[in-house]
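Below: upload-v8.cif (mmCIF, C-alpha atoms)
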```
data_start
#
loop_
_atom_site.label_atom_id
_atom_site.label_comp_id
_atom_site.auth_asym_id
_atom_site.auth_seq_id
_atom_site.Cartn_x
_atom_site.Cartn_y
_atom_site.Cartn_z
CA MET A 433 4.78 3.88 46.21
CA LEU A 434 2.79 0.67 46.40
CA GLN A 435 -0.23 2.64 47.46
CA LEU A 436 0.20 4.89 44.46
CA LEU A 437 0.44 1.92 42.11
CA ASP A 438 -2.59 0.40 43.76
CA PHE A 439 -4.49 3.66 43.32
CA LEU A 440 -3.49 3.88 39.66
CA TYR A 441 -4.57 0.27 39.15
CA ARG A 442 -7.96 0.89 40.68
CA GLN A 443 -8.42 4.00 38.59
CA ARG A 444 -7.16 2.40 35.37
CA ILE A 445 -10.47 2.64 33.53
CA PHE A 446 -10.80 6.30 34.32
CA LEU A 447 -7.21 6.92 33.26
CA LEU A 448 -7.77 5.04 30.00
CA PHE A 449 -10.89 7.15 29.48
CA LEU A 450 -8.87 10.33 29.98
CA LEU A 451 -6.15 9.10 27.64
CA LEU A 452 -8.59 8.28 24.82
CA GLU A 453 -10.41 11.59 25.25
CA GLY A 454 -7.04 13.34 25.20
CA ILE A 455 -6.10 11.71 21.91
CA SER A 456 -9.51 12.57 20.44
CA PHE A 457 -9.31 16.24 21.33
CA TRP A 458 -5.75 16.44 20.10
CA LEU A 459 -7.02 15.08 16.77
CA ILE A 460 -9.90 17.56 16.64
CA ILE A 461 -7.65 20.53 17.37
CA SER A 462 -4.73 19.52 15.17
CA TYR A 463 -7.03 18.80 12.23
CA ASN A 464 -8.60 22.22 12.39
CA TYR A 465 -5.33 24.12 12.51
CA ARG A 466 -2.91 22.16 10.37
CA TYR A 467 -2.75 21.31 6.71
CA ASN A 468 -2.16 17.90 5.20
CA THR A 469 -2.92 15.61 8.10
CA TYR A 470 -4.24 13.39 5.39
CA PHE A 471 -3.85 9.97 6.96
CA LEU A 472 -7.09 10.41 8.90
CA ASN A 473 -9.47 11.91 6.39
CA SER A 474 -11.16 11.14 3.14
CA SER A 475 -8.13 11.84 0.96
CA ASN A 476 -6.63 8.66 2.39
CA ARG A 477 -6.30 5.94 -0.24
CA ILE A 478 -8.63 3.35 1.32
CA THR A 479 -11.44 5.65 2.39
CA GLY A 480 -11.14 7.46 -0.93
CA GLU A 481 -11.66 4.23 -2.86
CA ILE A 482 -14.66 3.25 -0.74
CA SER A 483 -16.27 6.67 -1.04
CA GLU A 484 -15.65 6.61 -4.76
CA THR A 485 -17.46 3.29 -5.17
CA PHE A 486 -20.54 4.64 -3.43
CA GLY A 487 -20.15 7.91 -5.30
CA ASN A 488 -20.11 6.07 -8.62
CA ILE A 489 -23.48 4.53 -7.92
CA GLN A 490 -24.90 7.97 -7.19
CA ASP A 491 -23.20 9.41 -10.27
CA PHE A 492 -24.94 6.87 -12.42
CA LEU A 493 -28.30 7.87 -11.01
CA ASN A 494 -27.48 11.53 -11.61
CA LEU A 495 -26.20 11.16 -15.18
CA GLN A 496 -29.10 12.93 -16.78
CA ARG A 497 -28.72 16.02 -14.68
CA ALA A 498 -24.94 16.00 -15.19
CA ASN A 499 -25.49 15.88 -18.93
CA LYS A 500 -27.78 18.85 -18.81
CA GLU A 501 -25.33 20.87 -16.74
CA LEU A 502 -22.48 20.06 -19.12
CA ALA A 503 -24.53 21.15 -22.08
CA GLU A 504 -25.32 24.42 -20.34
CA GLU A 505 -21.67 24.96 -19.52
CA ASN A 506 -20.73 24.23 -23.14
CA LEU A 507 -23.13 26.90 -24.26
CA ILE A 508 -21.59 29.48 -21.92
CA LEU A 509 -18.06 28.58 -23.03
CA ARG A 510 -18.97 28.76 -26.68
CA SER A 511 -20.50 32.16 -26.32
CA ALA A 512 -17.50 33.35 -24.34
CA LEU A 513 -15.20 32.04 -27.04
CA ALA A 514 -17.18 33.85 -29.69
CA ASN A 515 -17.00 37.08 -27.70
CA GLN A 516 -13.30 36.71 -27.16
CA ALA A 517 -12.61 36.19 -30.84
CA ARG A 518 -14.45 39.41 -31.52
CA GLU A 519 -12.72 41.43 -28.82
CA SER A 520 -9.22 40.02 -28.82
CA ARG A 521 -7.92 42.48 -31.32
CA ARG A 522 -8.91 45.41 -29.18
CA GLU A 523 -7.68 44.07 -25.89
CA ILE A 524 -4.12 43.84 -24.71
CA GLU A 525 -3.55 40.43 -23.24
CA THR A 526 -3.22 40.75 -19.49
CA ALA A 527 -0.61 38.91 -17.48
CA ASP A 528 -3.49 37.23 -15.63
CA SER A 529 -4.49 34.93 -18.43
CA ALA A 530 -1.25 32.97 -18.35
CA LEU A 531 -1.11 32.86 -14.57
CA PHE A 532 -3.85 30.30 -14.04
CA THR A 533 -4.18 26.74 -15.25
CA LEU A 534 -7.14 24.53 -14.49
CA ALA A 535 -7.24 20.82 -13.66
CA LEU A 536 -10.47 18.87 -13.97
CA ALA A 537 -11.50 16.67 -11.02
CA ASN A 538 -14.53 14.60 -10.06
CA VAL A 539 -16.25 14.90 -6.70
CA VAL A 540 -16.50 11.46 -5.09
CA ASN A 541 -17.87 12.53 -1.73
CA ALA A 542 -19.37 15.74 -0.38
CA SER A 543 -21.33 17.03 2.56
CA HIS A 544 -23.41 20.16 2.79
CA ARG A 545 -25.65 19.78 5.81
CA LYS A 546 -23.10 19.70 8.60
CA ALA A 547 -21.64 22.55 10.61
CA GLN A 548 -18.34 22.10 8.74
CA ASN A 549 -18.41 20.70 5.25
CA PHE A 550 -15.81 19.06 3.02
CA LEU A 551 -15.58 17.52 -0.44
CA THR A 552 -13.38 14.66 -1.62
CA LEU A 553 -12.00 14.78 -5.18
CA ARG A 554 -10.57 12.09 -7.40
CA LEU A 555 -7.41 13.45 -9.04
CA ASP A 556 -5.23 12.65 -11.96
CA PRO A 557 -1.82 12.06 -10.29
CA SER A 558 -0.06 13.99 -13.06
CA ASP A 559 -1.88 17.21 -12.19
CA SER A 560 0.35 17.90 -9.16
CA ILE A 561 -2.34 19.44 -6.99
CA ARG A 562 -1.12 21.07 -3.75
CA PRO A 563 -2.89 22.09 -0.53
CA GLY A 564 -4.07 25.69 -0.64
CA MET A 565 -5.19 25.68 -4.28
CA GLY A 566 -8.61 27.06 -5.10
CA VAL A 567 -11.50 24.95 -6.41
CA ILE A 568 -14.34 26.25 -8.60
CA SER A 569 -17.25 24.66 -10.43
CA SER A 570 -18.85 25.76 -13.66
CA LYS A 571 -21.19 27.92 -11.59
CA GLY A 572 -18.93 29.48 -9.00
CA VAL A 573 -16.48 29.13 -6.12
CA VAL A 574 -16.41 25.77 -4.32
CA GLY A 575 -13.56 25.89 -1.79
CA THR A 576 -9.86 25.38 -1.09
CA VAL A 577 -7.80 22.18 -1.18
CA LYS A 578 -6.90 21.09 2.34
CA SER A 579 -4.91 17.92 1.87
CA VAL A 580 -3.75 15.75 -0.99
CA SER A 581 -2.75 12.12 -1.45
CA LYS A 582 -1.72 10.54 -4.74
CA HIS A 583 -5.23 10.01 -6.11
CA PHE A 584 -7.49 12.04 -3.83
CA ALA A 585 -7.82 15.47 -2.33
CA THR A 586 -9.94 16.81 0.51
CA VAL A 587 -11.42 20.24 -0.10
CA VAL A 588 -12.62 22.66 2.56
CA SER A 589 -15.99 23.67 1.20
CA LEU A 590 -17.17 27.28 1.08
CA LEU A 591 -19.71 25.86 3.55
CA HIS A 592 -17.07 25.83 6.29
CA PRO A 593 -17.04 28.73 8.78
CA ARG A 594 -13.23 28.97 8.71
CA LEU A 595 -12.95 29.54 4.97
CA LEU A 596 -12.87 33.21 4.07
CA VAL A 597 -13.02 34.26 0.43
CA SER A 598 -12.03 37.72 -0.71
CA GLY A 599 -14.87 39.07 -2.84
CA ARG A 600 -15.76 42.14 -4.83
CA VAL A 601 -19.18 43.59 -5.55
CA GLU A 602 -19.23 43.73 -9.32
CA ARG A 603 -21.31 46.89 -9.68
CA ASN A 604 -19.17 49.28 -7.63
CA ASP A 605 -15.93 47.34 -6.96
CA ALA A 606 -16.45 47.32 -3.18
CA LEU A 607 -14.20 44.76 -1.52
CA ALA A 608 -15.82 42.33 0.88
CA THR A 609 -15.29 39.05 2.64
CA VAL A 610 -17.54 36.05 2.16
CA GLN A 611 -17.95 33.67 5.09
CA TRP A 612 -20.48 30.94 5.77
CA ASN A 613 -22.30 31.20 9.09
CA GLY A 614 -23.07 27.52 9.57
CA GLN A 615 -26.79 27.67 9.04
CA ASN A 616 -28.20 27.60 5.53
CA PRO A 617 -26.25 25.68 2.85
CA LEU A 618 -27.65 27.98 0.17
CA GLU A 619 -26.49 31.28 1.68
CA ALA A 620 -23.34 32.91 3.11
CA GLU A 621 -22.62 36.20 4.82
CA LEU A 622 -21.13 39.14 2.96
CA LYS A 623 -18.99 41.11 5.39
CA TYR A 624 -17.22 44.46 5.52
CA VAL A 625 -19.01 46.30 2.72
CA PRO A 626 -18.60 49.92 3.93
CA ARG A 627 -21.77 51.93 4.38
CA HIS A 628 -20.95 54.78 2.03
CA LEU A 629 -21.31 52.46 -0.95
CA GLU A 630 -24.54 51.21 -2.39
CA LEU A 631 -25.44 47.54 -2.02
CA ASN A 632 -28.70 46.21 -3.40
CA THR A 633 -30.24 42.79 -3.54
CA GLY A 634 -29.42 41.22 -6.88
CA ASP A 635 -25.85 42.59 -7.04
CA ARG A 636 -23.34 40.01 -8.18
CA VAL A 637 -20.40 39.24 -5.89
CA VAL A 638 -17.28 37.85 -7.60
CA THR A 639 -13.80 36.92 -6.39
CA SER A 640 -11.36 39.80 -6.09
CA GLY A 641 -8.29 37.75 -6.99
CA PHE A 642 -6.33 39.36 -4.15
CA ASP A 643 -5.91 36.13 -2.18
CA SER A 644 -4.14 34.57 -5.21
CA THR A 645 -6.22 31.42 -4.76
CA TYR A 646 -8.94 32.20 -7.29
CA PRO A 647 -8.69 34.20 -10.49
CA ALA A 648 -10.46 37.55 -10.31
CA GLY A 649 -14.06 37.60 -11.47
CA VAL A 650 -15.32 34.12 -10.57
CA LEU A 651 -18.91 34.36 -9.37
CA ILE A 652 -19.41 33.66 -5.65
CA GLY A 653 -23.08 34.55 -5.34
CA VAL A 654 -25.81 37.11 -5.66
CA VAL A 655 -26.83 39.45 -2.83
CA SER A 656 -30.11 38.24 -1.32
CA VAL A 657 -30.38 40.29 1.87
CA SER A 658 -28.84 43.72 2.42
CA GLU A 659 -29.56 45.81 5.50
CA LEU A 660 -27.90 48.95 6.79
CA LYS A 661 -28.28 49.17 10.54
CA ARG A 662 -27.85 52.55 12.17
CA GLU A 663 -25.02 51.58 14.50
CA ASN A 664 -22.95 49.44 12.14
CA PRO A 665 -20.09 50.72 9.99
CA PHE A 666 -20.72 47.91 7.52
CA TYR A 667 -23.70 46.41 5.75
CA THR A 668 -25.36 43.32 7.19
CA ALA A 669 -25.74 41.28 4.04
CA ARG A 670 -26.14 37.75 2.81
CA ILE A 671 -25.54 36.28 -0.62
CA ARG A 672 -27.18 33.35 -2.33
CA LEU A 673 -24.29 31.08 -3.33
CA ALA A 674 -23.76 30.43 -7.02
CA THR A 675 -22.56 26.87 -6.53
CA ASP A 676 -25.23 24.34 -5.68
CA PHE A 677 -23.40 22.28 -3.07
CA THR A 678 -26.13 19.66 -3.02
CA SER A 679 -25.29 18.51 -6.53
CA VAL A 680 -21.73 19.59 -7.39
CA LYS A 681 -20.09 16.78 -9.38
CA THR A 682 -17.35 18.15 -11.61
CA VAL A 683 -14.94 20.84 -10.42
CA TYR A 684 -11.79 22.62 -11.57
CA VAL A 685 -8.73 22.98 -9.37
CA ILE A 686 -6.89 26.23 -10.04
CA LYS A 687 -3.12 26.29 -10.16
CA VAL A 688 -1.68 29.76 -9.74
CA LYS A 689 1.76 30.22 -11.21
CA GLY A 690 3.45 32.88 -9.11
CA LYS A 691 1.67 32.23 -5.84
CA THR A 692 4.68 31.46 -3.65
CA GLU A 693 6.66 34.25 -5.26
CA LYS A 694 3.90 36.75 -4.53
CA LYS A 695 3.49 35.47 -0.98
CA ASN A 696 7.22 35.62 -0.24
CA LEU A 697 7.46 39.12 -1.58
CA GLU A 698 4.51 40.26 0.48
CA GLU A 699 5.86 38.65 3.63
CA GLU A 700 9.23 40.26 3.06
CA VAL A 701 7.63 43.67 2.89
CA PHE A 702 5.26 43.18 5.80
CA ASN A 703 7.97 41.84 8.08
CA GLU A 704 10.23 44.81 7.71
CA MET B 1011 -18.19 -15.17 24.86
CA ASN B 1012 -20.15 -17.81 23.07
CA ARG B 1013 -20.93 -18.17 19.42
CA LYS B 1014 -24.43 -16.77 19.63
CA LEU B 1015 -23.11 -13.58 21.13
CA ILE B 1016 -20.43 -13.20 18.48
CA ILE B 1017 -22.94 -13.67 15.67
CA ARG B 1018 -25.13 -11.07 17.26
CA LEU B 1019 -22.26 -8.59 17.55
CA VAL B 1020 -21.32 -9.14 13.90
CA LEU B 1021 -24.91 -8.50 12.86
CA TYR B 1022 -25.05 -5.35 14.98
CA PHE B 1023 -21.82 -4.19 13.39
CA LEU B 1024 -23.12 -4.79 9.86
CA LEU B 1025 -26.53 -3.25 10.44
CA LEU B 1026 -25.56 -0.32 12.64
CA VAL B 1027 -22.05 0.64 11.55
CA VAL B 1028 -21.40 -0.55 8.00
CA ILE B 1029 -24.73 0.83 6.75
CA GLN B 1030 -23.91 4.12 8.43
CA ILE B 1031 -20.82 4.77 6.32
CA PRO B 1032 -22.17 5.11 2.76
CA LEU B 1033 -25.33 6.84 3.88
CA LEU B 1034 -23.75 9.14 6.42
CA HIS B 1035 -24.25 12.36 4.51
CA ASN B 1036 -27.46 11.41 2.82
CA TRP B 1037 -29.81 10.34 5.53
CA VAL B 1038 -31.49 13.49 6.65
CA LEU B 1039 -35.15 13.92 7.52
CA TYR B 1040 -36.65 17.42 7.34
CA ASP B 1041 -33.16 18.95 7.68
CA VAL B 1042 -33.09 18.24 11.41
CA ALA B 1043 -32.70 14.48 11.87
CA PHE B 1044 -29.17 13.21 11.18
CA PRO B 1045 -29.07 9.60 12.36
CA PHE B 1046 -25.95 8.12 13.94
CA PRO B 1047 -27.07 4.55 14.64
CA TYR B 1048 -23.46 3.39 15.03
CA ILE B 1049 -23.61 4.44 18.68
CA GLY B 1050 -26.06 1.56 19.14
CA PHE B 1051 -23.17 -0.81 18.65
CA VAL B 1052 -21.38 0.70 21.65
CA LEU B 1053 -24.57 0.65 23.74
CA LEU B 1054 -25.38 -2.95 22.90
CA LEU B 1055 -21.94 -4.38 23.64
CA PRO B 1056 -22.35 -7.14 26.26
CA HIS B 1057 -22.09 -5.48 29.65
CA THR B 1058 -19.92 -8.31 30.94
CA LEU B 1059 -17.21 -7.19 28.54
CA GLN B 1060 -14.34 -5.53 30.41
CA ARG B 1061 -14.90 -1.79 30.58
CA SER B 1062 -11.45 -0.97 29.29
CA TRP B 1063 -12.17 -3.03 26.18
CA SER B 1064 -15.44 -1.31 25.52
CA LEU B 1065 -13.65 2.05 25.78
CA VAL B 1066 -11.05 0.97 23.23
CA ILE B 1067 -13.70 -0.44 20.89
CA ALA B 1068 -15.74 2.77 21.16
CA PHE B 1069 -12.65 4.84 20.38
CA PHE B 1070 -11.77 2.97 17.20
CA LEU B 1071 -15.39 2.80 16.11
CA GLY B 1072 -15.67 6.56 16.47
CA LEU B 1073 -12.42 7.01 14.58
CA LEU B 1074 -13.75 4.84 11.75
CA ILE B 1075 -16.80 7.07 11.39
CA ASP B 1076 -14.56 10.15 11.66
CA VAL B 1077 -12.32 9.06 8.82
CA PHE B 1078 -15.29 8.95 6.50
CA SER B 1079 -16.77 12.24 7.55
CA ASN B 1080 -13.57 14.33 7.76
CA THR B 1081 -13.96 15.02 11.47
CA PRO B 1082 -10.97 13.29 13.12
CA GLY B 1083 -11.56 12.95 16.86
CA LEU B 1084 -15.15 14.20 16.92
CA HIS B 1085 -17.04 10.91 16.91
CA ALA B 1086 -14.19 9.18 18.76
CA SER B 1087 -14.36 11.54 21.74
CA VAL B 1088 -18.12 11.38 22.02
CA SER B 1089 -18.47 7.62 21.70
CA VAL B 1090 -15.68 7.05 24.26
CA PHE B 1091 -17.66 9.21 26.67
CA VAL B 1092 -20.82 7.19 26.06
CA ALA B 1093 -18.91 3.93 26.54
CA PHE B 1094 -17.56 5.29 29.82
CA VAL B 1095 -20.93 6.16 31.34
CA ARG B 1096 -22.75 3.17 29.87
CA VAL B 1097 -22.23 0.58 32.63
CA PRO B 1098 -23.00 2.87 35.59
CA TRP B 1099 -26.09 4.09 33.75
CA LEU B 1100 -27.15 0.53 33.04
CA GLU B 1101 -26.93 -0.26 36.74
CA ILE B 1102 -29.06 2.75 37.61
CA THR B 1103 -31.81 2.15 35.08
CA THR B 1104 -32.06 -1.63 35.36
CA ASP B 1105 -31.53 -4.18 38.11
CA SER B 1106 -27.88 -4.98 38.48
CA SER B 1107 -28.68 -8.69 38.44
CA ILE B 1108 -28.82 -9.30 34.71
CA ASP B 1109 -27.17 -12.18 32.97
CA GLU B 1110 -24.92 -12.13 29.97
CA LEU B 1111 -27.35 -12.22 27.04
CA ASP B 1112 -29.37 -9.39 28.25
CA LEU B 1113 -29.53 -6.02 26.55
CA THR B 1114 -32.51 -6.98 24.43
CA ILE B 1115 -36.11 -5.91 24.56
CA PRO B 1116 -37.54 -9.36 25.48
CA HIS B 1117 -35.12 -9.62 28.40
CA LEU B 1118 -35.31 -6.10 29.76
CA GLY B 1119 -38.79 -5.12 28.71
CA LEU B 1120 -39.43 -2.16 26.45
CA THR B 1121 -39.60 0.40 29.28
CA LYS B 1122 -36.24 -0.43 30.81
CA HIS B 1123 -34.65 -0.86 27.40
CA THR B 1124 -35.79 2.62 26.40
CA ALA B 1125 -34.80 4.11 29.77
CA PHE B 1126 -31.32 2.68 29.25
CA ILE B 1127 -30.78 3.54 25.57
CA LEU B 1128 -32.64 6.76 24.85
CA PRO B 1129 -30.89 9.12 27.34
CA LEU B 1130 -27.48 7.85 26.23
CA ILE B 1131 -28.32 8.47 22.57
CA PHE B 1132 -29.47 11.93 23.57
CA ILE B 1133 -26.21 12.64 25.42
CA HIS B 1134 -24.20 11.34 22.47
CA HIS B 1135 -26.02 13.48 19.94
CA PHE B 1136 -26.02 16.53 22.17
CA LEU B 1137 -22.25 16.40 22.70
CA LEU B 1138 -21.68 15.57 19.04
CA PHE B 1139 -23.63 18.51 17.62
CA THR B 1140 -22.32 20.90 20.27
CA LEU B 1141 -18.72 20.00 19.48
CA GLU B 1142 -19.36 20.17 15.75
CA ASN B 1143 -21.04 23.53 16.20
CA GLU B 1144 -18.18 24.71 18.45
CA GLY B 1145 -20.43 25.85 21.27
CA LEU B 1146 -24.05 26.48 22.03
CA LYS B 1147 -24.67 29.19 19.45
CA TRP B 1148 -27.98 28.99 17.54
CA PHE B 1149 -29.31 26.98 20.45
CA GLY B 1150 -32.80 26.50 19.02
CA MET B 1151 -31.52 24.96 15.80
CA LEU B 1152 -28.99 22.90 17.74
CA LEU B 1153 -31.64 21.51 20.06
CA SER B 1154 -34.05 20.67 17.26
CA LYS B 1155 -31.22 18.84 15.49
CA VAL B 1156 -30.34 16.92 18.66
CA ILE B 1157 -33.92 15.90 19.42
CA GLY B 1158 -34.80 15.02 15.83
CA SER B 1159 -31.64 12.98 15.40
CA THR B 1160 -32.02 11.25 18.75
CA LEU B 1161 -35.49 10.02 17.85
CA PHE B 1162 -34.37 8.93 14.39
CA SER B 1163 -31.32 7.06 15.72
CA TYR B 1164 -33.37 5.46 18.48
CA PHE B 1165 -35.90 4.26 15.93
CA LEU B 1166 -33.17 2.74 13.75
CA ILE B 1167 -31.46 1.01 16.69
CA TRP B 1168 -34.80 -0.32 17.92
CA LEU B 1169 -35.49 -1.64 14.41
CA VAL B 1170 -32.12 -3.36 14.23
CA THR B 1171 -32.54 -5.03 17.63
CA LEU B 1172 -35.91 -6.34 16.41
CA ILE B 1173 -34.25 -7.85 13.34
CA VAL B 1174 -31.29 -9.32 15.19
CA ILE B 1175 -32.81 -10.80 18.33
CA PRO B 1176 -34.73 -13.72 16.81
CA SER B 1177 -31.49 -15.18 15.49
CA GLY B 1178 -29.94 -14.71 18.93
CA ARG B 1179 -32.80 -16.37 20.80
CA ARG B 1180 -32.65 -19.60 18.85
CA LYS B 1181 -31.40 -22.22 21.29
#
```

In structure tokens, what does this structure look like?
Amino acid sequence: MLQLLDFLYRQRIFLLFLLLEGISFWLIISYNYRYNTYFLNSSNRITGEISETFGNIQDFLNLQRANKELAEENLILRSALANQARESRREIETADSALFTLALANVVNASHRKAQNFLTLRLDPSDSIRPGMGVISSKGVVGTVKSVSKHFATVVSLLHPRLLVSGRVERNDALATVQWNGQNPLEAELKYVPRHLELNTGDRVVTSGFDSTYPAGVLIGVVSVSELKRENPFYTARIRLATDFTSVKTVYVIKVKGKTEKKNLEEEVFNE
Amino acid sequence: MNRKLIIRLVLYFLLLVVIQIPLLHNWVLYDVAFPFPYIGFVLLLPHTLQRSWSLVIAFFLGLLIDVFSNTPGLHASVSVFVAFVRVPWLEITTDSSIDELDLTIPHLGLTKHTAFILPLIFIHHFLLFTLENEGLKWFGMLLSKVIGSTLFSYFLIWLVTLIVIPSGRRK
């Protein structure tokens, strides 16, 4: 017994080393597979405040560009509004339009050059944002909320290999999955487009709406590379992402009304 | 621990760690060099400090960087490893008969200083990018990132030691 204690005492540094490494790897693994472990990431109150301060300085330097982008967005919205006024009489209002509400949020911190990228948002506490909600910008899909504190939220960026977005090729309604491959922050892979359909460079890929995170029809990107290899059942394709992750500043968090209801119903059916 | 040493450690902390935090995502050269100069703080801890303490310091330092980059555990695990191999490596690369105020270029000489610091930075960056990448896929890109970042970090740490040492040498 004494010998054992003596041995442990002599090896105490190595044991401490193993303990600390153990804790670290537990953190790595649990963060990747669990939602809302928010005490150790940038949606934490203190780190959020600090990031916001630095973000504010950058915002100020980027004001001109932000102004320009807002003006462009205004233009798009105005033209859409005009179109809608013209068409509304002909169209029956779909259930979709009432399903989604948007909440505006500012990006206070973002990465785009790492192997796994995240964004931190400053929230209005009254918006009641929850993990799992989708995030879009004026240009396209941004990501999914991972964890939320009172004033901040951490968002898994589309530039994260574990985030899969259900997409649809606009021209022929082919369903596909968009996943980032960890290399170029401007491009992502477009998977599972079956080979009997046509896929050309320049085709627009939008969200399908099937994952009930994003409304249907939000632009994800435009096909930039499309190859059909002899042995593959699917196209090998890449899309150029619509959202510019190097400069995204203002985003919208999407709240879907019947999400849990839909999910419960689907689970009920699939479990039978 | 005397006052001079404490001042030096505070300066290292300010120049290597605090500066790292706001600029973490923004310092990139040619898309391959991502500097992590904070590891210099672990490397330059006085080697007379108890090893268990340096492990604990490295762990919390890594965790601090992790919190700001949304990678809990990543930097912590890697910097603990570097802290663990630091003292044996120091004894291999330099004479074991060094006094307390030592890990500086004037004391060790540039060659020994580099032989001590550079391989450890390389190991740190290699493990860091490999873990972040979840394996050795895209090895060419990974390696270019590791080498570019190692040189960048080494340059920054070398610069900081140049700034800090004069204040430490004043008798």

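The residue that comes closest to Gln615 (chain A), out of B:Pro1056, B:Pro1082, B:Gly1150, B:Gly1050 and on the basis of all atoms listed in the file, is B:Gly1150.
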
For the structure shown, which residues end up in the PyMOL selection byres ((chain B) within 8 of (chain A))? Put them as a PyMOL selection string, please? chain B and resi 1032+1035+1041+1061-1062+1065-1066+1069+1076-1084+1086-1087+1090-1091+1094+1142-1143

Suppose we keep C-alpha atoms; can you now write the selection as a PDB file, in the coordinates of the input?
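The resulting file, again35.pdb, is reproduced below:
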```
ATOM      1  CA  PRO B1032     -22.170   5.110   2.760  1.00  0.00           C
ATOM      2  CA  HIS B1035     -24.250  12.360   4.510  1.00  0.00           C
ATOM      3  CA  ASP B1041     -33.160  18.950   7.680  1.00  0.00           C
ATOM      4  CA  ARG B1061     -14.900  -1.790  30.580  1.00  0.00           C
ATOM      5  CA  SER B1062     -11.450  -0.970  29.290  1.00  0.00           C
ATOM      6  CA  LEU B1065     -13.650   2.050  25.780  1.00  0.00           C
ATOM      7  CA  VAL B1066     -11.050   0.970  23.230  1.00  0.00           C
ATOM      8  CA  PHE B1069     -12.650   4.840  20.380  1.00  0.00           C
ATOM      9  CA  ASP B1076     -14.560  10.150  11.660  1.00  0.00           C
ATOM     10  CA  VAL B1077     -12.320   9.060   8.820  1.00  0.00           C
ATOM     11  CA  PHE B1078     -15.290   8.950   6.500  1.00  0.00           C
ATOM     12  CA  SER B1079     -16.770  12.240   7.550  1.00  0.00           C
ATOM     13  CA  ASN B1080     -13.570  14.330   7.760  1.00  0.00           C
ATOM     14  CA  THR B1081     -13.960  15.020  11.470  1.00  0.00           C
ATOM     15  CA  PRO B1082     -10.970  13.290  13.120  1.00  0.00           C
ATOM     16  CA  GLY B1083     -11.560  12.950  16.860  1.00  0.00           C
ATOM     17  CA  LEU B1084     -15.150  14.200  16.920  1.00  0.00           C
ATOM     18  CA  ALA B1086     -14.190   9.180  18.760  1.00  0.00           C
ATOM     19  CA  SER B1087     -14.360  11.540  21.740  1.00  0.00           C
ATOM     20  CA  VAL B1090     -15.680   7.050  24.260  1.00  0.00           C
ATOM     21  CA  PHE B1091     -17.660   9.210  26.670  1.00  0.00           C
ATOM     22  CA  PHE B1094     -17.560   5.290  29.820  1.00  0.00           C
ATOM     23  CA  GLU B1142     -19.360  20.170  15.750  1.00  0.00           C
ATOM     24  CA  ASN B1143     -21.040  23.530  16.200  1.00  0.00           C
TER      25      ASN B1143
END
```

Please compute the CA of Thr668 (chain A)-CA of Met1151 (chain B) distance, one decimal, in Å. 21.2 Å

For the structure shown, which residues end up in the PyMOL selection byres ((chain A and resi 599) around 8)? Put them as a compact mmCIF listing (two decimals) with C-alpha atoms, keeping the file's coordinate frame, please?
```
# COMPACT_ATOMS: atom_id res chain seq x y z
CA VAL A 597 -13.02 34.26 0.43
CA SER A 598 -12.03 37.72 -0.71
CA ARG A 600 -15.76 42.14 -4.83
CA VAL A 601 -19.18 43.59 -5.55
CA LEU A 607 -14.20 44.76 -1.52
CA ALA A 608 -15.82 42.33 0.88
CA THR A 609 -15.29 39.05 2.64
CA VAL A 610 -17.54 36.05 2.16
CA VAL A 637 -20.40 39.24 -5.89
CA VAL A 638 -17.28 37.85 -7.60
CA THR A 639 -13.80 36.92 -6.39
CA SER A 640 -11.36 39.80 -6.09
CA GLY A 641 -8.29 37.75 -6.99
CA ILE A 652 -19.41 33.66 -5.65
```

Between CA of Val573 (chain A) and CA of Val683 (chain A), what distance in Å does the model show, to one decimal?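 Those two atoms sit 9.5 Å apart.
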
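Evaluated against this file, the PyMOL selection byres ((chain A and resi 554-561) around 8) yields A:Gly480, A:Glu484, A:Ala535, A:Leu536, A:Ala537, A:Asn538, A:Val539, A:Val540, A:Thr552, A:Leu553, A:Arg562, A:Pro563, A:Met565, A:Val580, A:Lys582, A:His583, A:Phe584, A:Ala585, A:Val685, A:Lys687.
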
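Between CA of Glu619 (chain A) and CA of Arg672 (chain A) lies a distance of 4.6 Å.
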
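Candidate residues B:Leu1172, B:Ile1102, B:Thr1124, B:Val1027 were compared for distance to Ala1068 (chain B), and the nearest is B:Val1027, using all atoms listed in the file.
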
Write out as a list of chain:residue names each polymer residue whose atoms come within 10 Å of region 1153-1157 of chain B, counting all atoms listed in the file; drop sequence neighbours fewer than 6 positions from it.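 Within the cut-off, the hits are B:Tyr1040, B:Asp1041, B:Val1042, B:Ala1043, B:Phe1044, B:Pro1045, B:Ile1131, B:Phe1132, B:Ile1133, B:His1134, B:His1135, B:Phe1136, B:Leu1137, B:Leu1138, B:Phe1139, B:Thr1140, B:Leu1146, B:Ser1163.
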